[in-house]
$ cat model-v1.cif   # mmCIF, C-alpha atoms
data_structure
loop_
_atom_site.label_atom_id
_atom_site.label_comp_id
_atom_site.auth_asym_id
_atom_site.auth_seq_id
_atom_site.Cartn_x
_atom_site.Cartn_y
_atom_site.Cartn_z
CA MET A 1 165.47 127.39 123.12
CA ALA A 2 163.41 130.02 124.86
CA ALA A 3 162.08 131.53 121.67
CA SER A 4 159.87 128.50 121.10
CA GLY A 5 158.34 128.96 124.53
CA ASN A 6 159.78 125.94 126.29
CA ILE A 7 163.12 125.33 127.91
CA ASN A 8 165.35 122.87 126.14
CA ALA A 9 168.47 123.06 128.24
CA LEU A 10 170.24 120.15 126.59
CA GLU A 11 170.01 121.49 123.06
CA GLN A 12 173.20 123.45 123.59
CA PHE A 13 175.19 120.24 123.81
CA GLU A 14 174.19 119.02 120.37
CA LEU A 15 176.99 118.78 117.89
CA HIS A 16 176.68 120.30 114.45
CA PRO A 17 179.09 119.96 111.56
CA VAL A 18 180.77 123.24 110.85
CA LEU A 19 182.73 124.73 107.97
CA GLY A 20 180.32 123.50 105.30
CA ALA A 21 181.16 120.47 103.19
CA PHE A 22 184.55 120.10 104.83
CA GLY A 23 182.94 119.69 108.25
CA ARG A 24 180.25 117.34 106.98
CA THR A 25 182.79 115.03 105.38
CA LEU A 26 185.07 114.86 108.40
CA GLU A 27 182.27 115.09 110.99
CA PHE A 28 184.09 118.17 112.19
CA SER A 29 181.86 119.71 114.87
CA GLN A 30 182.02 122.86 116.93
CA SER A 31 183.51 120.74 119.71
CA ASN A 32 186.55 120.02 117.55
CA VAL A 33 186.80 123.69 116.66
CA MET A 34 186.90 124.56 120.36
CA MET A 35 189.57 121.94 121.00
CA ILE A 36 191.75 123.45 118.32
CA ALA A 37 190.96 126.90 119.68
CA ALA A 38 192.01 125.79 123.17
CA MET A 39 195.26 124.46 121.75
CA VAL A 40 195.94 127.64 119.81
CA LEU A 41 195.07 129.83 122.79
CA THR A 42 197.41 127.83 125.01
CA LEU A 43 200.25 128.15 122.53
CA LEU A 44 199.53 131.85 122.04
CA LEU A 45 199.51 132.48 125.79
CA LEU A 46 202.86 130.79 126.23
CA TRP A 47 204.43 132.12 123.04
CA LEU A 48 203.26 135.73 123.29
CA GLY A 49 203.68 135.69 127.04
CA MET A 50 207.24 134.52 127.02
CA ARG A 51 208.37 136.52 123.98
CA PRO A 52 209.52 139.62 125.89
CA ARG A 53 211.67 137.51 128.22
CA ALA A 54 211.62 140.43 130.61
CA MET A 55 213.29 140.28 133.99
CA VAL A 56 210.25 142.01 135.47
CA PRO A 57 207.37 140.28 133.70
CA GLY A 58 204.42 142.08 132.21
CA ARG A 59 200.90 140.85 132.74
CA LEU A 60 200.85 138.19 130.05
CA GLN A 61 204.33 136.96 130.90
CA ALA A 62 203.38 136.85 134.57
CA ALA A 63 200.31 134.75 133.71
CA ALA A 64 202.37 132.32 131.64
CA GLU A 65 205.06 132.07 134.30
CA MET A 66 202.54 131.63 137.11
CA ILE A 67 200.72 128.81 135.37
CA TYR A 68 204.03 127.14 134.56
CA GLU A 69 205.39 127.39 138.09
CA PHE A 70 202.08 126.46 139.68
CA THR A 71 201.85 123.28 137.63
CA TYR A 72 205.51 122.50 138.15
CA ASN A 73 205.19 122.81 141.93
CA MET A 74 202.04 120.72 141.86
CA CYS A 75 203.86 117.95 139.99
CA VAL A 76 206.94 117.97 142.20
CA GLU A 77 205.02 118.25 145.46
CA THR A 78 202.49 115.57 144.61
CA ILE A 79 204.51 113.01 142.67
CA GLY A 80 207.89 113.71 144.23
CA PRO A 81 211.20 114.40 142.51
CA GLU A 82 210.16 112.07 139.68
CA GLY A 83 207.33 114.49 138.96
CA LYS A 84 209.61 116.55 136.73
CA ARG A 85 209.41 113.81 134.11
CA PHE A 86 205.63 113.97 134.05
CA PHE A 87 205.42 117.75 134.14
CA PRO A 88 205.01 118.25 130.37
CA PHE A 89 202.10 115.82 130.30
CA ILE A 90 200.35 117.32 133.32
CA PHE A 91 200.98 120.86 132.07
CA THR A 92 199.45 120.06 128.68
CA LEU A 93 196.49 118.31 130.26
CA PHE A 94 195.87 121.10 132.77
CA LEU A 95 196.07 123.92 130.24
CA PHE A 96 193.94 122.10 127.67
CA ILE A 97 191.14 121.50 130.17
CA LEU A 98 191.50 124.91 131.80
CA ILE A 99 191.32 126.87 128.56
CA GLY A 100 188.54 124.62 127.27
CA ASN A 101 186.49 125.16 130.44
CA LEU A 102 187.08 128.88 130.55
CA ALA A 103 186.39 129.44 126.86
CA GLY A 104 183.13 127.54 127.29
CA VAL A 105 181.83 130.15 129.73
CA TRP A 106 182.07 132.74 126.94
CA PRO A 107 178.71 133.27 125.21
CA PHE A 108 178.14 131.25 122.01
CA PHE A 109 181.26 129.18 122.66
CA PHE A 110 180.97 125.46 123.07
CA THR A 111 182.39 123.65 126.09
CA PHE A 112 183.99 120.49 124.83
CA THR A 113 184.53 119.18 128.37
CA SER A 114 180.74 118.95 128.81
CA HIS A 115 180.72 115.77 126.72
CA ILE A 116 181.56 112.56 128.53
CA THR A 117 183.25 111.13 125.45
CA VAL A 118 185.86 113.87 125.65
CA THR A 119 186.48 113.58 129.39
CA LEU A 120 186.44 109.79 129.18
CA ALA A 121 189.07 109.89 126.46
CA LEU A 122 191.23 112.21 128.54
CA THR A 123 190.78 109.96 131.58
CA LEU A 124 191.66 106.85 129.59
CA VAL A 125 194.86 108.53 128.45
CA VAL A 126 195.71 109.29 132.08
CA VAL A 127 194.81 105.88 133.50
CA ILE A 128 196.49 103.88 130.73
CA MET A 129 199.58 106.04 131.04
CA VAL A 130 199.61 105.60 134.82
CA THR A 131 199.37 101.84 134.41
CA LEU A 132 202.12 101.77 131.81
CA VAL A 133 204.34 103.98 133.98
CA GLY A 134 203.81 101.62 136.90
CA LEU A 135 204.65 98.60 134.75
CA TRP A 136 207.66 100.41 133.28
CA ILE A 137 209.16 101.36 136.63
CA HIS A 138 208.28 98.31 138.72
CA LYS A 139 207.90 95.68 135.99
CA LEU A 140 205.68 92.85 137.26
CA HIS A 141 206.12 94.01 140.83
CA PHE A 142 203.55 96.68 139.94
CA PHE A 143 200.77 94.17 140.57
CA SER A 144 201.63 94.16 144.27
CA TYR A 145 199.78 97.48 144.15
CA PHE A 146 196.57 95.46 144.24
CA VAL A 147 197.66 93.41 147.26
CA PRO A 148 197.10 95.30 150.50
CA GLU A 149 199.83 95.03 153.10
CA GLY A 150 199.45 93.03 156.30
CA VAL A 151 196.37 91.10 155.27
CA PRO A 152 195.92 87.40 155.97
CA ALA A 153 196.27 85.28 152.84
CA LEU A 154 192.79 83.90 153.33
CA LEU A 155 191.24 87.30 152.61
CA LEU A 156 193.29 88.02 149.51
CA PRO A 157 190.88 86.41 147.00
CA LEU A 158 188.28 88.85 148.28
CA LEU A 159 190.44 91.94 148.64
CA VAL A 160 192.37 91.81 145.38
CA PRO A 161 189.23 92.11 143.21
CA ILE A 162 188.08 94.96 145.40
CA GLU A 163 191.38 96.75 144.90
CA VAL A 164 191.24 96.16 141.16
CA LEU A 165 187.69 97.51 141.03
CA SER A 166 188.71 100.51 143.08
CA TYR A 167 191.53 101.13 140.60
CA LEU A 168 189.21 100.80 137.62
CA SER A 169 186.52 103.01 139.12
CA ARG A 170 188.92 105.94 138.77
CA ILE A 171 188.20 105.93 135.07
CA ILE A 172 184.55 106.63 135.69
CA SER A 173 184.88 108.95 138.68
CA LEU A 174 187.56 111.14 137.10
CA SER A 175 185.69 111.56 133.83
CA VAL A 176 182.23 111.93 135.35
CA ARG A 177 183.43 114.56 137.82
CA LEU A 178 184.65 116.92 135.11
CA PHE A 179 181.84 116.20 132.67
CA ALA A 180 179.04 116.49 135.25
CA ASN A 181 180.33 119.72 136.73
CA MET A 182 180.66 121.41 133.36
CA MET A 183 177.35 120.14 132.02
CA ALA A 184 175.38 120.97 135.17
CA GLY A 185 176.70 124.52 135.18
CA HIS A 186 175.76 125.14 131.58
CA VAL A 187 172.31 123.64 132.05
CA MET A 188 171.74 126.01 134.97
CA LEU A 189 172.86 128.97 132.88
CA GLU A 190 170.55 127.95 130.08
CA VAL A 191 167.56 127.47 132.40
CA PHE A 192 167.95 130.84 134.06
CA GLY A 193 168.65 132.49 130.73
CA ALA A 194 165.39 131.08 129.41
CA PHE A 195 163.62 132.36 132.53
CA VAL A 196 164.81 135.87 131.75
CA VAL A 197 163.46 135.75 128.22
CA MET A 198 160.15 134.08 129.12
CA LEU A 199 159.39 136.24 132.15
CA GLY A 200 160.51 139.38 130.35
CA ALA A 201 158.05 138.62 127.57
CA ALA A 202 155.24 137.95 130.05
CA GLY A 203 154.55 141.62 130.60
CA LEU A 204 154.88 144.06 133.49
CA LEU A 205 154.36 141.47 136.21
CA GLY A 206 157.22 139.38 134.91
CA LEU A 207 159.81 142.14 134.91
CA LEU A 208 160.82 141.80 138.55
CA PRO A 209 161.26 138.00 138.46
CA ALA A 210 163.09 138.41 135.15
CA ALA A 211 165.51 140.85 136.74
CA PHE A 212 166.01 138.41 139.58
CA ALA A 213 166.74 135.56 137.15
CA LEU A 214 169.20 137.81 135.34
CA ALA A 215 170.95 138.56 138.62
CA VAL A 216 171.12 134.84 139.37
CA ASN A 217 172.64 134.29 135.95
CA VAL A 218 175.31 136.90 136.59
CA ALA A 219 176.20 135.14 139.83
CA LEU A 220 176.17 131.80 138.05
CA ILE A 221 178.65 133.04 135.45
CA GLY A 222 181.06 133.91 138.24
CA PHE A 223 180.45 130.54 139.81
CA GLU A 224 181.04 128.85 136.46
CA ILE A 225 184.44 130.52 136.16
CA LEU A 226 185.30 129.19 139.62
CA VAL A 227 184.13 125.70 138.69
CA ALA A 228 186.00 125.81 135.37
CA VAL A 229 189.32 126.57 137.07
CA LEU A 230 188.66 124.26 140.00
CA GLN A 231 187.74 121.25 137.90
CA ALA A 232 190.78 121.67 135.66
CA TYR A 233 192.91 121.82 138.81
CA VAL A 234 191.17 118.79 140.31
CA PHE A 235 191.66 116.78 137.15
CA ALA A 236 195.34 117.66 137.04
CA ILE A 237 196.03 116.99 140.71
CA LEU A 238 194.15 113.70 140.65
CA SER A 239 196.27 112.65 137.68
CA CYS A 240 199.31 113.62 139.75
CA ILE A 241 198.08 111.55 142.71
CA TYR A 242 197.48 108.53 140.48
CA LEU A 243 200.96 108.96 139.02
CA HIS A 244 202.37 109.17 142.55
CA ASP A 245 200.68 105.92 143.46
CA ALA A 246 202.06 104.23 140.35
CA VAL A 247 205.58 105.57 140.87
CA HIS A 248 205.79 104.82 144.59
CA LEU A 249 203.35 101.87 145.07
CA HIS A 250 201.65 102.28 148.47
CA MET B 1 220.27 146.02 160.42
CA SER B 2 220.23 149.27 162.38
CA GLU B 3 216.58 148.76 163.26
CA GLU B 4 217.36 145.40 164.78
CA GLN B 5 219.86 146.93 167.16
CA GLY B 6 217.20 149.33 168.35
CA GLY B 7 215.44 146.46 170.09
CA GLY B 8 212.41 146.50 167.78
CA PRO B 9 211.03 143.45 165.96
CA SER B 10 213.42 141.76 163.56
CA PHE B 11 213.19 142.15 159.80
CA GLU B 12 211.62 138.71 159.39
CA GLU B 13 209.01 139.55 161.97
CA ARG B 14 208.11 142.84 160.32
CA LEU B 15 208.06 141.20 156.88
CA ARG B 16 205.71 138.53 158.15
CA VAL B 17 203.38 141.11 159.70
CA ALA B 18 203.42 143.18 156.51
CA ARG B 19 202.75 140.15 154.35
CA GLU B 20 199.88 139.13 156.57
CA ARG B 21 198.44 142.60 156.37
CA GLN B 22 198.58 142.42 152.57
CA GLY B 23 196.99 138.99 152.57
CA LEU B 24 200.08 137.35 151.07
CA GLU B 25 200.63 134.93 153.91
CA PRO B 26 198.36 131.90 153.76
CA ARG B 27 196.47 131.85 157.01
CA GLN B 28 194.50 128.89 158.21
CA SER B 29 191.60 130.82 159.63
CA VAL B 30 190.63 132.90 156.62
CA PRO B 31 186.91 132.46 156.00
CA GLY B 32 185.77 131.73 152.49
CA GLY B 33 186.71 129.27 149.83
CA ARG B 34 190.34 128.64 150.63
CA PRO B 35 191.37 125.18 149.49
CA ASP B 36 192.77 124.38 152.93
CA GLN B 37 189.36 124.65 154.50
CA GLU B 38 187.06 121.77 155.10
CA PRO B 39 184.74 121.31 152.12
CA SER B 40 181.05 121.95 152.46
CA ALA B 41 178.65 119.19 153.45
CA LEU B 42 177.12 119.23 149.97
CA GLY B 43 180.57 118.84 148.42
CA ILE B 44 181.38 115.89 150.65
CA GLY B 45 178.04 114.29 149.89
CA LEU B 46 178.45 114.63 146.13
CA ARG B 47 181.97 113.27 146.28
CA VAL B 48 181.01 110.25 148.38
CA GLY B 49 178.05 109.56 146.15
CA LEU B 50 180.16 109.77 143.02
CA GLU B 51 182.78 107.37 144.39
CA LEU B 52 180.19 104.84 145.54
CA VAL B 53 178.22 104.91 142.32
CA CYS B 54 181.31 104.78 140.10
CA ALA B 55 182.73 101.68 141.74
CA LEU B 56 179.35 99.97 141.60
CA ALA B 57 178.88 100.91 137.94
CA VAL B 58 182.28 99.53 137.00
CA ALA B 59 181.59 96.31 138.92
CA CYS B 60 178.19 95.89 137.27
CA ALA B 61 179.70 96.46 133.85
CA ILE B 62 182.44 93.89 134.46
CA GLY B 63 180.01 91.34 135.88
CA TRP B 64 177.57 91.81 133.03
CA GLY B 65 180.37 91.58 130.48
CA LEU B 66 181.76 88.38 131.97
CA ASP B 67 178.28 86.88 132.01
CA ARG B 68 177.85 87.72 128.35
CA LEU B 69 181.23 86.22 127.60
CA PHE B 70 180.64 82.92 129.36
CA GLY B 71 176.87 82.70 129.00
CA THR B 72 176.30 82.39 132.74
CA ARG B 73 173.60 84.96 133.04
CA PRO B 74 173.38 86.18 136.61
CA ILE B 75 176.36 84.53 138.34
CA PHE B 76 179.15 87.02 137.71
CA LEU B 77 176.81 89.96 138.09
CA ILE B 78 175.73 88.69 141.50
CA ALA B 79 179.34 88.13 142.49
CA PHE B 80 180.56 91.52 141.35
CA VAL B 81 177.85 93.78 142.79
CA PRO B 82 178.92 93.29 146.44
CA LEU B 83 182.55 93.63 145.38
CA GLY B 84 181.72 96.90 143.67
CA GLY B 85 179.96 98.18 146.75
CA ALA B 86 182.98 97.26 148.84
CA ALA B 87 185.30 98.99 146.37
CA GLY B 88 183.17 102.11 146.62
CA VAL B 89 183.42 102.09 150.40
CA LEU B 90 187.17 101.56 150.05
CA ASN B 91 187.42 104.60 147.79
CA VAL B 92 185.49 106.71 150.26
CA TRP B 93 187.65 105.45 153.10
CA ARG B 94 190.82 106.30 151.18
CA GLU B 95 189.58 109.81 150.66
CA PHE B 96 188.33 110.54 154.15
CA ALA B 97 190.62 108.34 156.22
CA PRO B 98 192.38 110.04 159.11
CA ARG B 99 195.88 111.24 158.34
CA GLN B 100 197.79 108.37 159.97
CA GLY B 101 195.12 105.83 159.21
CA PRO B 102 195.70 102.20 158.29
CA SER B 103 195.41 103.06 154.61
CA GLY B 104 199.04 103.41 153.64
CA LYS B 105 198.28 105.92 150.92
CA THR B 106 197.59 108.97 153.04
CA ARG B 107 200.54 111.29 153.02
CA GLN B 108 202.14 112.48 156.20
CA ASP B 109 203.70 115.61 154.76
CA GLY B 110 202.18 118.19 157.04
CA SER B 111 199.41 120.65 156.73
CA ARG B 112 200.29 122.02 153.30
CA SER B 113 200.52 118.67 151.59
CA PRO B 114 199.01 118.52 148.12
CA ARG B 115 196.63 115.89 149.34
CA SER B 116 195.01 118.34 151.73
CA GLY B 117 194.62 120.89 148.96
CA GLU B 118 193.05 118.32 146.75
CA ARG B 119 190.72 117.22 149.51
CA GLY B 120 189.33 120.66 149.94
CA ALA B 121 189.26 121.57 146.30
CA ARG B 122 187.26 118.70 145.00
CA ARG B 123 183.57 119.26 144.85
#
$ encode --input "model-v1.cif" --output "structure tokens"
Amino acid sequence: MAASGNINALEQFELHPVLGAFGRTLEFSQSNVMMIAAMVLTLLLLWLGMRPRAMVPGRLQAAAEMIYEFTYNMCVETIGPEGKRFFPFIFTLFLFILIGNLAGVWPFFFTFTSHITVTLALTLVVVIMVTLVGLWIHKLHFFSYFVPEGVPALLLPLLVPIEVLSYLSRIISLSVRLFANMMAGHVMLEVFGAFVVMLGAAGLLGLLPAAFALAVNVALIGFEILVAVLQAYVFAILSCIYLHDAVHLH
Amino acid sequence: MSEEQGGGPSFEERLRVARERQGLEPRQSVPGGRPDQEPSALGIGLRVGLELVCALAVACAIGWGLDRLFGTRPIFLIAFVPLGGAAGVLNVWREFAPRQGPSGKTRQDGSRSPRSGERGARR
């Protein structure tokens, strides 16, 4: 990156096989390592947090309980009473993305949500599940979702494709929102980090701008933590809203 | 109980005041990034742009794919691009429609509805 004298902000997103021959055979990259790490961290948080089973929770137990209750309330408030059935799915999704985003802010750690393949796969899981849930609950009546109410029949051939396209565009908008936010943040961090190194090496005149770039980077790290939590929340609540639409139809 | 008989504020009232002082009560007028607040202009712009572009991209992909399937080069693409634009506008309208708007999907739960939180939170 900066050592070679030019800024290559996208190099950090390249995937490399890890763990030697094992990784090369399975195409096991650092992204997969981070996914497993996110899973293990989630399980550890819940397992270690809930082990004391204290009436007055300690810090870790309070964190585990707060995340659980927060997600539970989000499900029930957004989807309705049926939301309890989807809570395990939303909870898993939310924690996986949240821990993945937050771990990615840590230096030298890879952010797996900064690849659109990952977010697109997550989105496809959500959208396909939403569609199947709608078909499961309403059977073929589910397709009335694409027919707006109170519209003259003459306009339906025009409006139904628009509704279908609007439904399908969720796949792109949901995945791009998470991916773009995470990638943009890490590119910014990389650019300002390279500024610090390059300006710092430029001699006495560069020290002040370098310090400024470092300060910007510190602020950006804080901003990245905000974005990491916010985007995980947005992904989860949008999944909830889509589920609500499929469960209740209009 | 004895304080209430003294004519002072009730327990609920004092609890509310104390909670507000500690910042535990969600207030509507707190400045800063509370999710209940209106999002920034940049946030709205990015969101609208994303919705418009996404719908158009999906429509283009479908039109192009259908053309490839049937060998009718520009016909489906031409038909789907306006539809995609319309779907994008529909998405934007769904998101920013007034509460009791004609779009049946806006919730009427009240101020703390999850929809309002989501509106503010999305960038």
$ closest_residue --input "model-v1.cif" --among "B:Val92, B:Leu69, B:Cys54, B:Cys60" --to "chain A" --atoms "only C-alpha atoms"
B:Cys54
$ atom_distance --input "model-v1.cif" --atom1 "CA of Leu44 in chain A" --atom2 "CA of Phe108 in chain A"
21.4 Å
$ closest_atom_pairs --input "model-v1.cif" --of "chain A" --to "chain B" --cutoff "9 Å" --atoms "all atoms listed in the file" --output "tab-separated table"
residue	atom	partner	partner_atom	distance
A:Met74	CA	B:Pro114	CA	7.3
A:Glu77	CA	B:Pro114	CA	6.6
A:Thr78	CA	B:Pro114	CA	5.8
A:Pro148	CA	B:Gly104	CA	8.9
A:Glu149	CA	B:Gly104	CA	8.4
A:Leu158	CA	B:Leu83	CA	8.0
A:Leu159	CA	B:Leu83	CA	8.7
A:Pro161	CA	B:Leu83	CA	7.2
A:Ile162	CA	B:Ala87	CA	5.0
A:Glu163	CA	B:Ala87	CA	6.6
A:Val164	CA	B:Ala87	CA	8.4
A:Leu165	CA	B:Ala87	CA	6.0
A:Ser166	CA	B:Ala87	CA	5.0
A:Tyr167	CA	B:Ala87	CA	8.8
A:Leu168	CA	B:Val58	CA	7.1
A:Ser169	CA	B:Ala55	CA	4.8
A:Arg170	CA	B:Cys54	CA	7.8
A:Ile171	CA	B:Cys54	CA	8.6
A:Ile172	CA	B:Cys54	CA	5.8
A:Ser173	CA	B:Cys54	CA	5.7
A:Val176	CA	B:Leu50	CA	8.2
A:Arg177	CA	B:Leu50	CA	7.8
A:Asn181	CA	B:Arg123	CA	8.8
A:Val227	CA	B:Arg123	CA	8.9
A:Leu230	CA	B:Ala121	CA	6.9
A:Gln231	CA	B:Arg122	CA	7.6
A:Tyr233	CA	B:Ala121	CA	8.3
A:Val234	CA	B:Arg122	CA	6.1
A:Ile237	CA	B:Glu118	CA	6.9
A:Leu238	CA	B:Glu118	CA	7.7
A:Ile241	CA	B:Arg115	CA	8.1
A:Asp245	CA	B:Lys105	CA	7.8
A:Leu249	CA	B:Lys105	CA	8.7
A:His250	CA	B:Lys105	CA	5.5
$ atom_distance --input "model-v1.cif" --atom1 "CA of Ala246 in chain A" --atom2 "CA of Ala180 in chain A"
26.6 Å
$ atom_distance --input "model-v1.cif" --atom1 "CA of Phe110 in chain A" --atom2 "CA of Phe28 in chain A"
13.5 Å
$ resolve_selection --input "model-v1.cif" --expression "the PyMOL selection byres ((chain A and resi 195) around 12)" --output "short mmCIF file (atom, residue, chain, number, x, y, z; two decimals) with C-alpha atoms, keeping the file's coordinate frame"
data_model
loop_
_atom_site.label_atom_id
_atom_site.label_comp_id
_atom_site.auth_asym_id
_atom_site.auth_seq_id
_atom_site.Cartn_x
_atom_site.Cartn_y
_atom_site.Cartn_z
CA MET A 1 165.47 127.39 123.12
CA ALA A 2 163.41 130.02 124.86
CA ALA A 3 162.08 131.53 121.67
CA GLY A 5 158.34 128.96 124.53
CA ASN A 6 159.78 125.94 126.29
CA ILE A 7 163.12 125.33 127.91
CA ASN A 8 165.35 122.87 126.14
CA ALA A 9 168.47 123.06 128.24
CA MET A 188 171.74 126.01 134.97
CA LEU A 189 172.86 128.97 132.88
CA GLU A 190 170.55 127.95 130.08
CA VAL A 191 167.56 127.47 132.40
CA PHE A 192 167.95 130.84 134.06
CA GLY A 193 168.65 132.49 130.73
CA ALA A 194 165.39 131.08 129.41
CA VAL A 196 164.81 135.87 131.75
CA VAL A 197 163.46 135.75 128.22
CA MET A 198 160.15 134.08 129.12
CA LEU A 199 159.39 136.24 132.15
CA GLY A 200 160.51 139.38 130.35
CA ALA A 201 158.05 138.62 127.57
CA ALA A 202 155.24 137.95 130.05
CA GLY A 206 157.22 139.38 134.91
CA LEU A 207 159.81 142.14 134.91
CA LEU A 208 160.82 141.80 138.55
CA PRO A 209 161.26 138.00 138.46
CA ALA A 210 163.09 138.41 135.15
CA ALA A 211 165.51 140.85 136.74
CA PHE A 212 166.01 138.41 139.58
CA ALA A 213 166.74 135.56 137.15
CA LEU A 214 169.20 137.81 135.34
CA ALA A 215 170.95 138.56 138.62
CA VAL A 216 171.12 134.84 139.37
CA ASN A 217 172.64 134.29 135.95
#
$ residues_around --input "model-v1.cif" --residues "Gly65 in chain B" --least-positions-apart "5" --cutoff "9 Å" --atoms "only C-alpha atoms" --output "number ranges by chain"
B: 60, 70, 76-77
$ resolve_selection --input "model-v1.cif" --expression "the PyMOL selection byres ((chain A and resi 232) around 8)" --output "PyMOL selection string"
chain A and resi 94-95+97-98+101+178+228-231+233-236
$ residues_around --input "model-v1.cif" --residues "Thr117 in chain A" --least-positions-apart "5" --cutoff "9 Å" --atoms "all atoms listed in the file" --output "MDAnalysis selection string"
chainID A and resid 122 175 179
$ residues_around --input "model-v1.cif" --residues "Val160 in chain A" --least-positions-apart "4" --cutoff "6 Å" --atoms "only C-alpha atoms" --output "ChimeraX atom specification"
/A:146-147,156
$ axis_aligned_box --input "model-v1.cif" --around "range 100-106 of chain A" --padding-each-side "5 Å" --output "lines of an AutoDock Vina configuration file"
center_x = 185.2
center_y = 128.7
center_z = 128.7
size_x = 16.7
size_y = 18.1
size_z = 13.7
$ residues_around --input "model-v1.cif" --residues "Leu243 in chain A" --least-positions-apart "3" --cutoff "7 Å" --atoms "all atoms listed in the file" --output "list in words"
Ile79, Val130, Ser239, Cys240, Ala246 and Val247 of chain A
$ decode --input "model-v1.cif" --residues "range 73-92 of chain B" --atoms "N, CA and C atoms" --output "tab-separated table (two decimals), in the first residue's frame"
chain	number	residue	atom	x	y	z
B	73	ARG	N	-33.41	-8.61	-29.86
B	73	ARG	CA	-32.42	-7.79	-29.21
B	73	ARG	C	-32.95	-6.61	-28.37
B	74	PRO	N	-33.50	-5.57	-28.96
B	74	PRO	CA	-33.72	-4.45	-28.03
B	74	PRO	C	-35.12	-4.39	-27.42
B	75	ILE	N	-36.04	-5.28	-27.85
B	75	ILE	CA	-37.46	-5.04	-27.53
B	75	ILE	C	-37.73	-5.07	-26.03
B	76	PHE	N	-37.33	-6.17	-25.39
B	76	PHE	CA	-37.62	-6.30	-23.97
B	76	PHE	C	-36.87	-5.26	-23.14
B	77	LEU	N	-35.65	-4.98	-23.57
B	77	LEU	CA	-34.86	-3.98	-22.86
B	77	LEU	C	-35.57	-2.64	-22.90
B	78	ILE	N	-36.06	-2.27	-24.08
B	78	ILE	CA	-36.77	-1.00	-24.22
B	78	ILE	C	-38.03	-1.01	-23.37
B	79	ALA	N	-38.70	-2.15	-23.31
B	79	ALA	CA	-39.95	-2.21	-22.54
B	79	ALA	C	-39.68	-2.14	-21.04
B	80	PHE	N	-38.55	-2.71	-20.61
B	80	PHE	CA	-38.35	-2.84	-19.17
B	80	PHE	C	-37.70	-1.61	-18.55
B	81	VAL	N	-36.98	-0.81	-19.35
B	81	VAL	CA	-36.31	0.35	-18.75
B	81	VAL	C	-37.31	1.35	-18.15
B	82	PRO	N	-38.38	1.73	-18.88
B	82	PRO	CA	-39.35	2.63	-18.23
B	82	PRO	C	-40.01	1.98	-17.02
B	83	LEU	N	-40.29	0.67	-17.12
B	83	LEU	CA	-40.89	-0.01	-15.97
B	83	LEU	C	-39.97	0.05	-14.76
B	84	GLY	N	-38.67	-0.13	-15.01
B	84	GLY	CA	-37.71	-0.07	-13.92
B	84	GLY	C	-37.66	1.31	-13.29
B	85	GLY	N	-37.69	2.33	-14.15
B	85	GLY	CA	-37.72	3.69	-13.62
B	85	GLY	C	-38.94	3.92	-12.76
B	86	ALA	N	-40.08	3.42	-13.23
B	86	ALA	CA	-41.32	3.58	-12.46
B	86	ALA	C	-41.24	2.83	-11.14
B	87	ALA	N	-40.64	1.62	-11.18
B	87	ALA	CA	-40.51	0.85	-9.94
B	87	ALA	C	-39.61	1.58	-8.95
B	88	GLY	N	-38.57	2.23	-9.47
B	88	GLY	CA	-37.70	3.01	-8.59
B	88	GLY	C	-38.45	4.13	-7.92
B	89	VAL	N	-39.26	4.85	-8.71
B	89	VAL	CA	-40.05	5.94	-8.14
B	89	VAL	C	-41.04	5.39	-7.11
B	90	LEU	N	-41.60	4.21	-7.41
B	90	LEU	CA	-42.53	3.58	-6.46
B	90	LEU	C	-41.83	3.27	-5.15
B	91	ASN	N	-40.59	2.76	-5.25
B	91	ASN	CA	-39.84	2.46	-4.03
B	91	ASN	C	-39.61	3.71	-3.20
B	92	VAL	N	-39.22	4.79	-3.89
B	92	VAL	CA	-38.96	6.04	-3.19
B	92	VAL	C	-40.25	6.54	-2.54
